[in-house]
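Visitor: Sharing a structure below in structure tokens format, with a few things to ask.
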Amino acid sequence: MDKKDPFAATIPAPTAARPLLGLTVLVIEDSRFACEAMRLLCLRSGARIRRADCLKSARRHLQVYRPTVVIIDLGLPDGSGADLIAELSTTEPRVDVVLGTSGDTNGEEMALTAGADGFLAKPITSLAVFQQAVLANLPAERQPSGVREVSDEVVHPDLMAFQDDMAHIADVLDDPENDSALDYVAQFIGGVARSVQDRGLEQAAEALAKARATGTSARLEAETLAGLVQQRLTQKMAI
């Protein structure tokens, strides 16, 4: 439980229907769409959620509260989530559960190497997968008692959150002098595109990431991606 929460003593115990009741989950995630999915998963599970959108905000939060579970996106605007995972895995008293998350195929290895207890591959929409990732790493005394029915529910985040993500990345792309931000843009868009199953946007993000990795000029790829982002903002994904 939230070890600095003055109301911790009044938090109810978990139940079979709401196995994460009484837990506080800190989600460190810069995508509004991914965070909305997490909010729904926590709501269905009985957990309270707090959110930070960058490493600086997360560290500020952790100076005040100590949540039970921390879920850390590996690609954040001000650095790698793996660095925070490494910090939390050695800090005493240790957070009960530290999970990494990413849409990158190498994300799981990176998170576990940094010291994470487990990993959630994006998109994260399955209630059963989310609950199991948390419960499998909780201390025995925090586990719900009795038989628990595994839910096959899948959450569907509001597409307005996707629009927020597109607006955010459009602002980043609007700064032509910030060339180093293109790596972040490719990673961010790739994860969001996979979550909403937008293959065209995902392919454009992959092309940008490939151009950046090879050290060649990525101007054309960045312009193509920026155009697709503007299209999504204009079309509003049929909202």
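Ligands are numbered from 1 in the order shown, chains are lettered A, B, ... in the order of the structure tokens, and residues start at 1 in each chain.
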Might you pull out every residue within 8 Å of Glu202 of chain A, with only C-alpha atoms counted and same-chain residues fewer than 3 positions away left off, and present them as a VMD selection string?

Guide: chain A and resid 189 to 191 193 to 194 198 to 199 205 to 206

Visitor: Given only C-alpha atoms as the basis, pick out the residue of A:Ala140, A:Val27, A:Met166, A:Leu233 nearest to Arg51 of chain A.

Guide: A:Val27

Visitor: Would you list the contacts of Gln163 of chain A as a PyMOL selection string, taking every protein, DNA or RNA residue within 8 Å and counting only C-alpha atoms, but skipping same-chain residues closer than 4 positions in sequence?

Guide: chain A and resi 159+167+232-233+236

Visitor: To one decimal place, how far is atom CA of Leu74 of chain A from atom CA of Ser57 of chain A in Å?

Guide: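 Between these atoms lies a distance of 14.8 Å.
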
Visitor: Measuring between only C-alpha atoms, which one of A:Arg94, A:Arg32, A:Arg66, A:Arg44 shows the shortest distance to Phe130 of chain A?

Guide: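 Result for the nearest residue to Phe130 of chain A: A:Arg44.
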
Visitor: Taking only C-alpha atoms into account, which of A:Gln63, A:Gln230, A:Gln187, A:Asn106 comes nearest Lys210 of chain A?

Guide: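 The answer is A:Gln187, which sits nearest to Lys210 of chain A.
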
Visitor: What does the distance from atom CA of Val25 of chain A to atom CA of Lys56 of chain A come to in Å, to one decimal?

Guide: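 These atoms are spaced 17.5 Å apart.
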
Visitor: Grab the atom CA of Val154 of chain A to atom CA of Ile49 of chain A distance for me, in Å with one decimal place.

Guide: 18.3 Å

Visitor: In terms of the shortest atom-to-atom distance over only C-alpha atoms, which of A:Ile124, A:Leu43, A:Ile28, A:Leu228 is closest to Ile85 of chain A?

Guide: A:Ile28

Visitor: Can you list every residue in segment 103-215 of chain A that DSSP puts in strand (DSSP E), as a ChimeraX atom specification?

Guide: /A:118-121

Visitor: Apply DSSP to the structure's backbone, then extract all residues of segment 61-164 of chain A labelled alpha helix (DSSP H) and return them as a ChimeraX atom specification.

Guide: /A:61-62,81-90,107-114,127-135,159-164

Visitor: Which residues are near Leu225 of chain A? Cut-off 12 Å, only C-alpha atoms, ignore same chain within fewer than 4 positions. Put them as a PyMOL selection string.

Guide: chain A and resi 166+169-170+172-174+182+185-186+188-190+193+200-209+218-221+229-232
